[in-house]
Structures are given as structure tokens and as C-alpha cells.
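Undergrad: Got run.txt for you, compact mmCIF, C-alpha atoms:
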# COMPACT_ATOMS: atom_id res chain seq x y z
CA MET Q 121 -22.04 -13.34 2.21
CA ASN Q 122 -18.49 -13.82 0.83
CA TRP Q 123 -18.60 -10.42 -0.86
CA VAL Q 124 -19.80 -8.74 2.33
CA LEU Q 125 -16.88 -10.23 4.27
CA VAL Q 126 -14.36 -8.94 1.72
CA ILE Q 127 -15.99 -5.49 1.74
CA LEU Q 128 -15.93 -5.34 5.55
CA GLY Q 129 -12.27 -6.40 5.63
CA GLY Q 130 -11.37 -3.82 2.98
CA MET Q 131 -13.21 -1.09 4.88
CA VAL Q 132 -11.00 -1.73 7.91
CA GLY Q 133 -7.71 -2.60 6.16
CA ALA Q 134 -7.35 0.51 3.99
CA PRO Q 135 -7.91 3.11 6.77
CA LEU Q 136 -5.63 1.05 9.02
CA ARG Q 137 -2.90 1.39 6.36
CA TYR Q 138 -3.57 5.12 6.00
CA LEU Q 139 -3.42 5.80 9.76
CA THR Q 140 -0.37 3.57 10.29
CA ASP Q 141 1.42 5.32 7.43
CA ARG Q 142 0.66 8.75 8.90
CA ALA Q 143 1.71 7.69 12.40
CA VAL Q 144 4.97 6.17 11.14
CA GLN Q 145 5.83 8.95 8.67
CA SER Q 146 5.23 11.69 11.27
CA ARG Q 147 7.85 10.14 13.57
CA HIS Q 148 10.91 10.51 11.33
CA ASP Q 149 12.33 13.05 8.90
CA THR Q 150 13.81 10.77 6.27
CA GLY Q 151 12.19 10.33 2.89
CA PHE Q 152 12.21 6.56 3.22
CA PRO Q 153 8.68 5.08 3.01
CA TRP Q 154 8.78 3.28 6.37
CA GLY Q 155 4.97 3.52 6.69
CA THR Q 156 4.24 1.40 3.61
CA PHE Q 157 7.10 -0.93 4.57
CA ALA Q 158 5.52 -1.40 8.03
CA VAL Q 159 2.02 -2.24 6.72
CA ASN Q 160 3.33 -4.55 3.99
CA VAL Q 161 5.47 -6.51 6.45
CA SER Q 162 2.84 -6.69 9.20
CA GLY Q 163 0.13 -7.63 6.66
CA SER Q 164 2.36 -10.44 5.37
CA LEU Q 165 2.86 -11.63 8.97
CA VAL Q 166 -0.89 -11.72 9.63
CA LEU Q 167 -1.63 -13.45 6.31
CA GLY Q 168 1.08 -16.05 7.04
CA LEU Q 169 -0.46 -16.64 10.47
CA LEU Q 170 -3.93 -16.92 8.94
CA THR Q 171 -2.74 -19.28 6.19
CA GLY Q 172 -1.20 -21.49 8.87
CA ALA Q 173 -4.42 -21.38 10.89
CA VAL Q 174 -6.50 -22.37 7.85
CA THR Q 175 -4.08 -25.24 7.02
CA ALA Q 176 -4.31 -26.48 10.61
CA GLY Q 177 -8.10 -26.28 10.49
CA ALA Q 178 -8.24 -23.60 13.19
CA ALA Q 179 -9.77 -21.00 10.83
CA GLY Q 180 -12.41 -21.39 8.13
CA SER Q 181 -12.99 -19.89 4.71
CA HIS Q 182 -15.12 -17.05 6.10
CA LEU Q 183 -12.29 -15.82 8.31
CA GLN Q 184 -9.93 -16.17 5.36
CA LEU Q 185 -12.14 -13.90 3.24
CA LEU Q 186 -12.65 -11.33 6.01
CA LEU Q 187 -9.08 -11.15 7.32
CA GLY Q 188 -7.08 -12.46 4.36
CA THR Q 189 -8.67 -11.22 1.14
CA GLY Q 190 -10.36 -8.20 2.75
CA LEU Q 191 -8.27 -6.89 5.63
CA CYS Q 192 -4.71 -8.03 4.77
CA GLY Q 193 -5.35 -7.43 1.05
CA ALA Q 194 -6.38 -3.82 1.68
CA LEU Q 195 -3.89 -3.23 4.50
CA THR Q 196 -0.97 -4.10 2.23
CA THR Q 197 -0.37 -2.40 -1.09
CA TYR Q 198 1.72 -2.94 -4.19
CA SER Q 199 0.69 0.26 -5.97
CA THR Q 200 1.90 2.64 -3.25
CA PHE Q 201 5.05 0.54 -2.83
CA SER Q 202 5.81 0.87 -6.57
CA TYR Q 203 4.96 4.55 -6.71
CA GLU Q 204 7.13 5.38 -3.68
CA THR Q 205 9.99 3.39 -5.22
CA LEU Q 206 9.61 5.38 -8.45
CA ARG Q 207 9.62 8.66 -6.49
CA LEU Q 208 12.84 7.66 -4.69
CA ALA Q 209 14.50 6.73 -8.01
CA GLU Q 210 13.30 9.94 -9.72
CA GLY Q 211 14.51 12.01 -6.76
CA GLY Q 212 18.03 10.66 -7.24
CA SER Q 213 17.90 8.20 -4.32
CA ARG Q 214 18.55 5.13 -6.42
CA PHE Q 215 20.14 3.40 -3.47
CA HIS Q 216 17.07 3.99 -1.30
CA ALA Q 217 14.78 2.84 -4.13
CA ALA Q 218 16.72 -0.43 -4.45
CA ALA Q 219 16.90 -0.80 -0.66
CA ASN Q 220 13.12 -0.33 -0.43
CA VAL Q 221 12.52 -3.11 -2.97
CA VAL Q 222 15.00 -5.57 -1.44
CA ALA Q 223 13.98 -4.84 2.17
CA SER Q 224 10.23 -5.00 1.47
CA VAL Q 225 10.38 -8.32 -0.37
CA THR Q 226 12.86 -9.90 2.07
CA ALA Q 227 11.10 -8.72 5.21
CA GLY Q 228 7.65 -9.47 3.76
CA LEU Q 229 8.63 -13.02 2.86
CA GLY Q 230 10.37 -13.46 6.22
CA ALA Q 231 7.20 -12.25 7.97
CA VAL Q 232 5.13 -14.89 6.13
CA TYR Q 233 7.44 -17.62 7.43
CA VAL Q 234 7.32 -16.22 10.98
CA GLY Q 235 3.51 -16.12 10.81
CA LEU Q 236 3.38 -19.73 9.57
CA ALA Q 237 5.80 -20.87 12.28
CA VAL Q 238 3.69 -19.20 14.98
CA ALA Q 239 0.54 -20.79 13.53
CA ARG Q 240 2.20 -24.24 13.55
CA ALA Q 241 3.32 -23.76 17.14
CA LEU Q 242 -0.17 -22.68 18.20
CA TRP Q 243 -2.44 -25.05 16.30
CA SER Q 244 -0.65 -28.25 15.42
CA MET L 229 7.09 25.08 51.20
CA GLN L 230 7.62 25.71 47.51
CA ALA L 231 6.55 29.08 46.14
CA PRO L 232 3.69 28.90 43.66
CA GLN L 233 4.77 29.33 40.05
CA ILE L 234 3.91 32.72 38.65
CA ASP L 235 3.66 33.26 34.91
CA GLY L 236 5.85 36.34 34.64
CA PRO L 237 6.97 37.84 31.31
CA ASP L 238 10.09 35.66 31.37
CA ALA L 239 8.26 32.39 31.96
CA PRO L 240 9.04 29.84 29.26
CA VAL L 241 6.40 29.56 26.61
CA PRO L 242 5.24 25.96 26.39
CA ASP L 243 5.29 24.40 22.94
CA PRO L 244 1.84 24.20 21.43
CA PRO L 245 0.65 20.61 21.68
CA ARG L 246 1.54 18.76 18.49
CA PRO L 247 -1.68 17.51 16.93
CA ALA L 248 -1.96 13.75 16.59
CA PRO L 249 -1.29 12.57 13.02
CA TRP L 250 -4.98 11.70 12.62
CA HIS L 251 -6.29 15.03 13.92
CA GLY L 252 -9.16 16.26 11.71
CA GLN L 253 -8.88 13.20 9.50
CA ALA L 254 -12.45 11.84 9.77
CA PRO L 255 -13.56 12.65 6.17
CA VAL L 256 -10.26 11.33 4.80
CA VAL L 257 -10.54 8.11 6.80
CA ALA L 258 -14.13 7.69 5.59
CA VAL L 259 -13.23 7.99 1.89
CA VAL L 260 -10.20 5.72 2.36
CA ALA L 261 -12.51 3.09 3.92
CA LEU L 262 -15.01 3.41 1.07
CA GLY L 263 -12.25 3.25 -1.55
CA GLY L 264 -10.59 0.32 0.24
CA ALA L 265 -13.86 -1.64 0.18
CA ILE L 266 -14.27 -0.97 -3.57
CA GLY L 267 -10.66 -1.92 -4.31
CA ALA L 268 -10.74 -5.11 -2.21
CA VAL L 269 -14.04 -6.30 -3.68
CA THR L 270 -12.80 -5.62 -7.23
CA ARG L 271 -9.70 -7.73 -6.54
CA TYR L 272 -11.93 -10.48 -5.13
CA ALA L 273 -14.14 -10.27 -8.24
CA ALA L 274 -11.06 -10.71 -10.43
CA ALA L 275 -10.08 -13.81 -8.40
CA VAL L 276 -13.62 -15.25 -8.75
CA LEU L 277 -13.79 -14.52 -12.50
CA TRP L 278 -10.27 -15.74 -13.33
CA PRO L 279 -9.31 -18.34 -10.75
CA THR L 280 -5.67 -19.40 -11.13
CA GLY L 281 -6.01 -22.78 -9.45
CA THR L 282 -3.87 -23.92 -6.55
CA THR L 283 -0.63 -24.94 -8.24
CA GLY L 284 -0.13 -22.62 -11.19
CA PHE L 285 1.50 -19.24 -11.58
CA PRO L 286 -0.66 -16.68 -9.68
CA TRP L 287 -1.66 -14.75 -12.81
CA THR L 288 -4.66 -12.99 -11.28
CA THR L 289 -2.70 -11.40 -8.42
CA PHE L 290 0.12 -10.63 -10.86
CA CYS L 291 -2.26 -8.79 -13.23
CA VAL L 292 -4.12 -7.01 -10.41
CA ASN L 293 -0.84 -5.67 -9.01
CA VAL L 294 0.56 -4.59 -12.38
CA VAL L 295 -2.68 -2.90 -13.47
CA GLY L 296 -2.95 -1.13 -10.09
CA CYS L 297 0.63 0.14 -10.44
CA PHE L 298 -0.05 1.45 -13.93
CA VAL L 299 -3.19 3.30 -12.81
CA ILE L 300 -1.49 4.85 -9.76
CA GLY L 301 1.27 6.19 -12.02
CA LEU L 302 -1.32 7.92 -14.20
CA LEU L 303 -3.36 9.16 -11.25
CA MET L 304 -0.50 10.61 -9.22
CA VAL L 305 0.97 12.57 -12.13
CA ALA L 306 -2.52 13.80 -13.08
CA ILE L 307 -3.42 15.08 -9.60
CA THR L 308 -0.02 16.24 -8.34
CA GLU L 309 1.60 17.68 -11.48
CA LYS L 310 -1.23 18.49 -13.88
CA TRP L 311 -4.54 19.29 -12.25
CA THR L 312 -5.82 20.69 -8.99
CA VAL L 313 -8.41 18.33 -7.56
CA HIS L 314 -10.54 18.13 -4.44
CA ARG L 315 -8.49 17.16 -1.37
CA LEU L 316 -10.39 13.88 -0.98
CA VAL L 317 -9.67 12.59 -4.52
CA ARG L 318 -6.18 11.35 -3.72
CA PRO L 319 -7.11 9.50 -0.48
CA PHE L 320 -10.18 8.00 -2.17
CA PHE L 321 -8.60 6.75 -5.42
CA GLY L 322 -4.93 6.44 -4.54
CA THR L 323 -4.93 5.31 -0.91
CA GLY L 324 -8.36 3.67 -0.91
CA VAL L 325 -9.30 2.12 -4.26
CA LEU L 326 -5.82 1.37 -5.67
CA GLY L 327 -4.28 0.57 -2.29
CA GLY L 328 -7.14 -1.81 -1.54
CA PHE L 329 -7.06 -3.31 -5.05
CA THR L 330 -3.34 -4.17 -5.08
CA THR L 331 -1.86 -6.43 -2.43
CA PHE L 332 1.58 -7.17 -1.07
CA SER L 333 0.61 -9.85 1.48
CA THR L 334 -0.98 -12.17 -1.11
CA TYR L 335 2.16 -11.72 -3.24
CA THR L 336 4.50 -12.81 -0.43
CA VAL L 337 2.23 -15.70 0.66
CA ASP L 338 1.99 -16.85 -3.00
CA ILE L 339 5.81 -17.00 -3.19
CA GLN L 340 5.97 -19.01 0.04
CA ARG L 341 3.23 -21.40 -1.20
CA LEU L 342 5.06 -22.05 -4.49
CA ILE L 343 8.27 -22.82 -2.57
CA GLU L 344 6.33 -25.14 -0.22
CA GLU L 345 4.84 -26.95 -3.23
CA GLY L 346 8.34 -27.67 -4.52
CA ARG L 347 8.28 -25.11 -7.32
CA PRO L 348 11.11 -22.73 -6.37
CA ALA L 349 11.74 -21.73 -10.00
CA THR L 350 8.11 -20.61 -10.44
CA ALA L 351 8.32 -18.82 -7.06
CA LEU L 352 11.44 -16.92 -8.13
CA ALA L 353 9.95 -16.12 -11.56
CA TYR L 354 6.78 -14.79 -9.91
CA LEU L 355 8.79 -12.75 -7.39
CA ALA L 356 10.95 -11.15 -10.09
CA ALA L 357 8.27 -10.79 -12.80
CA THR L 358 5.87 -8.97 -10.45
CA LEU L 359 8.59 -6.55 -9.32
CA LEU L 360 9.81 -5.91 -12.84
CA ALA L 361 6.35 -5.52 -14.38
CA ALA L 362 4.99 -3.39 -11.51
CA LEU L 363 7.93 -0.98 -11.48
CA THR L 364 7.94 -0.76 -15.29
CA ALA L 365 4.17 -0.13 -15.28
CA VAL L 366 4.32 2.72 -12.74
CA ARG L 367 7.25 4.34 -14.56
CA LEU L 368 5.67 3.96 -18.00
CA ALA L 369 2.36 5.36 -16.73
CA ALA L 370 3.99 8.38 -15.08
CA THR L 371 6.04 9.16 -18.21
CA THR L 372 3.00 8.74 -20.46
CA ALA L 373 0.82 10.91 -18.23
CA ARG L 374 3.45 13.70 -18.21
CA ARG L 375 3.52 13.64 -22.02
CA VAL L 376 -0.12 13.21 -23.00
CA LEU L 377 -2.23 14.78 -20.24
CA PRO L 378 -3.11 18.42 -20.83
CA ASP L 379 -1.94 20.88 -18.17
CA GLY L 380 -4.60 22.24 -15.85
CA PRO L 381 -4.69 25.98 -14.99
CA THR L 382 -2.47 25.49 -11.91
CA ALA L 383 0.25 23.62 -13.79
CA ARG L 384 0.20 26.26 -16.56
CA ARG L 385 0.59 29.05 -13.99
CA GLU L 386 3.45 27.22 -12.28
CA LYS L 387 5.24 26.79 -15.60
CA GLY L 388 4.69 30.46 -16.47
CA LYS L 389 6.20 31.48 -13.15
CA ARG L 390 9.25 29.31 -13.68
CA SER L 391 9.98 30.56 -17.19
CA SER L 392 9.68 34.25 -16.28
Could you spell out this file's structure in C-alpha cells?

TA:
Amino acid sequence: MNWVLVILGGMVGAPLRYLTDRAVQSRHDTGFPWGTFAVNVSGSLVLGLLTGAVTAGAAGSHLQLLLGTGLCGALTTYSTFSYETLRLAEGGSRFHAAANVVASVTAGLGAVYVGLAVARALWS
Amino acid sequence: MQAPQIDGPDAPVPDPPRPAPWHGQAPVVAVVALGGAIGAVTRYAAAVLWPTGTTGFPWTTFCVNVVGCFVIGLLMVAITEKWTVHRLVRPFFGTGVLGGFTTFSTYTVDIQRLIEEGRPATALAYLAATLLAALTAVRLAATTARRVLPDGPTARREKGKRSS
């Protein structure tokens, strides 16, 4: 059952990342990987919210596997983030590569705290 | 009363409708979903096989992310610079399997959890070590792949064109 939940979450999370990335990247002409940035930050927000819900007892371990391990895990990505950072650095945009790293980590971590705060406001 | 619009020879030509970004993407979305399921379940298997406990350094997520970054470095050089592959290979392996295998959200939540548990030094070490190891892995893999992988026919032709 646990494995099925993770598989189902992964089956939704990965295409959601792909379609979000395409939608975001088709709307601007810069080389900056805003699509991956968007999914990594929003996935961190949802996982923060879910973690808060689990801590408050509003969500159980099944939901954590489906939405946390499966969906958020597959929605967000470290490999594409690293590869796009490498491409920026190799293409001579060292500033953009560094900005991508700093912005992704800062915004991702900030999103976790926002998600937790929302969960606390809702369920405690 | 307003005269009806007649499409004379000077009438402006409307722009062709821009296709939505997901137009004709069904097979790609399907292989990304399949790959994402494989990647996510492999990451879950790693967490079940090597549980890190609740207070320690999140080694499993660290290793998953670094390994995924190394593999994507190899894969992307292989299929974009060396060989010509089927158009679904990249979305399946790169976007699906490796994207689903590695995770950014667990990484950020792990950092927050370590801070919450009163271990800011471990949190900072995990934050920095993952970044450093992941970026080194992807760079090392790309460099290695460029050196050791044999050129496919397309890459050889491209090089021939450039040198002539």
C-alpha cells in the first residue's frame, strides 16, 4: 500500500513539474531556469504545509507518502536544478548560476517556513 | 449601422494562434509520469533500506541527490552532445526518472527540521554539503562523459563540419 501511494504521487508530481516548467519557460525569453525554481519553491511550500499538518495530527502517514514522498518528491528536483546551474556557469553566466543557487535555497527554505506557519494557523 | 467587415486584400492577417505549451505533448507527459513513478519509488526504497533516523544527518536524501546529479550529468552530455536518441529518452530518463528520484522539497524541509531540533550547525553543514557535492557531481560527470564517451555518428558529422 505504501509503495502504491508513492508511485501514484510520483506519477502526478513529475508531469506536473514538466508542464509547469514548459508553461513558465514559454512566457519569458531569458535563459534563467524560472520553471525549475517555481516547482522547487512551490513543492517546498506544500511539503512544509504537509509537515505542519502531520505534526498537528491533521494528516496521517498515508497522506504523507502520497503527497510528501510521492508528489512533492517528484514535483521538485535537485538533478535538473544542478544541471541548469552547470549550464549557466558553462555558458558564461556565472552570476546567474550563483543567483540560481542562492535564490532557490533561500526561497525554498522560506517557502517551508511559510507552509509550516499556515499549517499552524489552520490546525493548532 | 456599422458596415460589415470585408476581408479585402489589405485586411490585416491575424497571427496564427500560438499553440499551448503542452500541445501534442501526450506521449511525453506519459513517459514523464512513468519515469517519475520509477524515480520516486526508487528514492522511497532507498529511504526504507537505509533509514537515517529522525535526528541524524539526512544521509539518504544527501546520497540520492548527489547520485541523481552525477547521473544527469552523464545522461545529458550523452544524449545532447554525443548520440542521437529517440525523442522520448530525455523526458523519460532526465525529466521523469532522475527528476522524480532527486528531491528539493525534502532537502529544504530537512534543513528546517534540523534547525527546529536545535542543530543549526548540522543544518548548515547539510545545506552546504549537498550543494557542493551535487554541483561537483554534475560537473565531474559532464566532464567525464565528454572525455570517455565515444562520439555517435551525428556528433562526428558535426565535428567534421566545424573543422572543414

Undergrad: For a test of reading the model, state the distance in Å between atom CA of Leu277 of chain L and atom CA of Leu359 of chain L, rounded to one decimal.

TA: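 Interatomic distance here is 24.0 Å.
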
Undergrad: List every protein, DNA or RNA residue with an atom no more than 12 Å from (-13.8, 8.1, 4.7) in the file's coordinates, counting only C-alpha atoms, and format the result as a tab-separated table (two decimals) with C-alpha atoms, in the coordinates of the input.

TA:
chain	number	residue	atom	x	y	z
Q	131	MET	CA	-13.21	-1.09	4.88
Q	132	VAL	CA	-11.00	-1.73	7.91
Q	134	ALA	CA	-7.35	0.51	3.99
Q	135	PRO	CA	-7.91	3.11	6.77
Q	136	LEU	CA	-5.63	1.05	9.02
Q	138	TYR	CA	-3.57	5.12	6.00
Q	139	LEU	CA	-3.42	5.80	9.76
L	252	GLY	CA	-9.16	16.26	11.71
L	253	GLN	CA	-8.88	13.20	9.50
L	254	ALA	CA	-12.45	11.84	9.77
L	255	PRO	CA	-13.56	12.65	6.17
L	256	VAL	CA	-10.26	11.33	4.80
L	257	VAL	CA	-10.54	8.11	6.80
L	258	ALA	CA	-14.13	7.69	5.59
L	259	VAL	CA	-13.23	7.99	1.89
L	260	VAL	CA	-10.20	5.72	2.36
L	261	ALA	CA	-12.51	3.09	3.92
L	262	LEU	CA	-15.01	3.41	1.07
L	263	GLY	CA	-12.25	3.25	-1.55
L	264	GLY	CA	-10.59	0.32	0.24
L	265	ALA	CA	-13.86	-1.64	0.18
L	316	LEU	CA	-10.39	13.88	-0.98
L	317	VAL	CA	-9.67	12.59	-4.52
L	318	ARG	CA	-6.18	11.35	-3.72
L	319	PRO	CA	-7.11	9.50	-0.48
L	320	PHE	CA	-10.18	8.00	-2.17
L	321	PHE	CA	-8.60	6.75	-5.42
L	323	THR	CA	-4.93	5.31	-0.91
L	324	GLY	CA	-8.36	3.67	-0.91
L	325	VAL	CA	-9.30	2.12	-4.26

Undergrad: Only residues of chain Q matter here; which ones have an atom within 8 Å of chain L, counting all atoms listed in the file? Give them as a tab-separated table (two decimals) with C-alpha atoms, keeping the file's coordinate frame.

TA:
chain	number	residue	atom	x	y	z
Q	123	TRP	CA	-18.60	-10.42	-0.86
Q	126	VAL	CA	-14.36	-8.94	1.72
Q	127	ILE	CA	-15.99	-5.49	1.74
Q	128	LEU	CA	-15.93	-5.34	5.55
Q	129	GLY	CA	-12.27	-6.40	5.63
Q	130	GLY	CA	-11.37	-3.82	2.98
Q	131	MET	CA	-13.21	-1.09	4.88
Q	132	VAL	CA	-11.00	-1.73	7.91
Q	133	GLY	CA	-7.71	-2.60	6.16
Q	134	ALA	CA	-7.35	0.51	3.99
Q	135	PRO	CA	-7.91	3.11	6.77
Q	138	TYR	CA	-3.57	5.12	6.00
Q	139	LEU	CA	-3.42	5.80	9.76
Q	142	ARG	CA	0.66	8.75	8.90
Q	143	ALA	CA	1.71	7.69	12.40
Q	146	SER	CA	5.23	11.69	11.27
Q	160	ASN	CA	3.33	-4.55	3.99
Q	161	VAL	CA	5.47	-6.51	6.45
Q	163	GLY	CA	0.13	-7.63	6.66
Q	164	SER	CA	2.36	-10.44	5.37
Q	167	LEU	CA	-1.63	-13.45	6.31
Q	168	GLY	CA	1.08	-16.05	7.04
Q	189	THR	CA	-8.67	-11.22	1.14
Q	190	GLY	CA	-10.36	-8.20	2.75
Q	192	CYS	CA	-4.71	-8.03	4.77
Q	193	GLY	CA	-5.35	-7.43	1.05
Q	194	ALA	CA	-6.38	-3.82	1.68
Q	195	LEU	CA	-3.89	-3.23	4.50
Q	196	THR	CA	-0.97	-4.10	2.23
Q	197	THR	CA	-0.37	-2.40	-1.09
Q	198	TYR	CA	1.72	-2.94	-4.19
Q	199	SER	CA	0.69	0.26	-5.97
Q	200	THR	CA	1.90	2.64	-3.25
Q	202	SER	CA	5.81	0.87	-6.57
Q	203	TYR	CA	4.96	4.55	-6.71
Q	205	THR	CA	9.99	3.39	-5.22
Q	206	LEU	CA	9.61	5.38	-8.45
Q	225	VAL	CA	10.38	-8.32	-0.37
Q	228	GLY	CA	7.65	-9.47	3.76
Q	229	LEU	CA	8.63	-13.02	2.86
Q	232	VAL	CA	5.13	-14.89	6.13
Q	233	TYR	CA	7.44	-17.62	7.43

Undergrad: Let me know the centre plus edge lengths, in Å and rounded to one decimal, of a box with edges along x, y and z that contains all listed atoms of segment 320-329 of chain L and is padded by 4 Å on every side, as AutoDock Vina command-line options.

TA:
--center_x -7.2 --center_y 2.3 --center_z -3.3 --size_x 13.9 --size_y 19.3 --size_z 12.8

Undergrad: In Å to one decimal, how far is atom CA of Gly235 of chain Q from atom CA of Leu183 of chain Q?

TA: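 Atom-to-atom, atom CA of Leu183 of chain Q to atom CA of Gly235 of chain Q, that is 16.0 Å.
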
Undergrad: Which residue out of Q:Phe201, Q:His216, Q:Asp141, Q:Gly172 has the minimum interatomic distance to Val238 of chain Q when all atoms listed in the file are used?

TA: Q:Gly172

Undergrad: Taking (-0.3, -19.2, 13.3) in the file's own coordinates, collect the residues within 10 Å, counting only C-alpha atoms, and hand them back as a list in words.

TA: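 Taken together, the residues in range are Leu165, Val166, Leu167, Gly168, Leu169, Leu170, Thr171, Gly172, Ala173, Val174, Thr175, Ala176, Ala178, Ala179, Val232, Tyr233, Val234, Gly235, Leu236, Ala237, Val238, Ala239, Arg240, Ala241, Leu242, Trp243 and Ser244 of chain Q.
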
Undergrad: Mind pulling up the distance from atom CA of Arg137 of chain Q to atom CA of Gly155 of chain Q?

TA: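 About the pair atom CA of Gly155 of chain Q and atom CA of Arg137 of chain Q: they are 8.2 Å apart.
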
Undergrad: In terms of the shortest atom-to-atom distance over only C-alpha atoms, which of Q:Thr140, Q:Ser162, Q:Thr150, Q:Thr226 is closest to Leu208 of chain Q?

TA: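 Comparing Q:Thr140, Q:Ser162, Q:Thr150, Q:Thr226 against Leu208 of chain Q, the winner is Q:Thr150.
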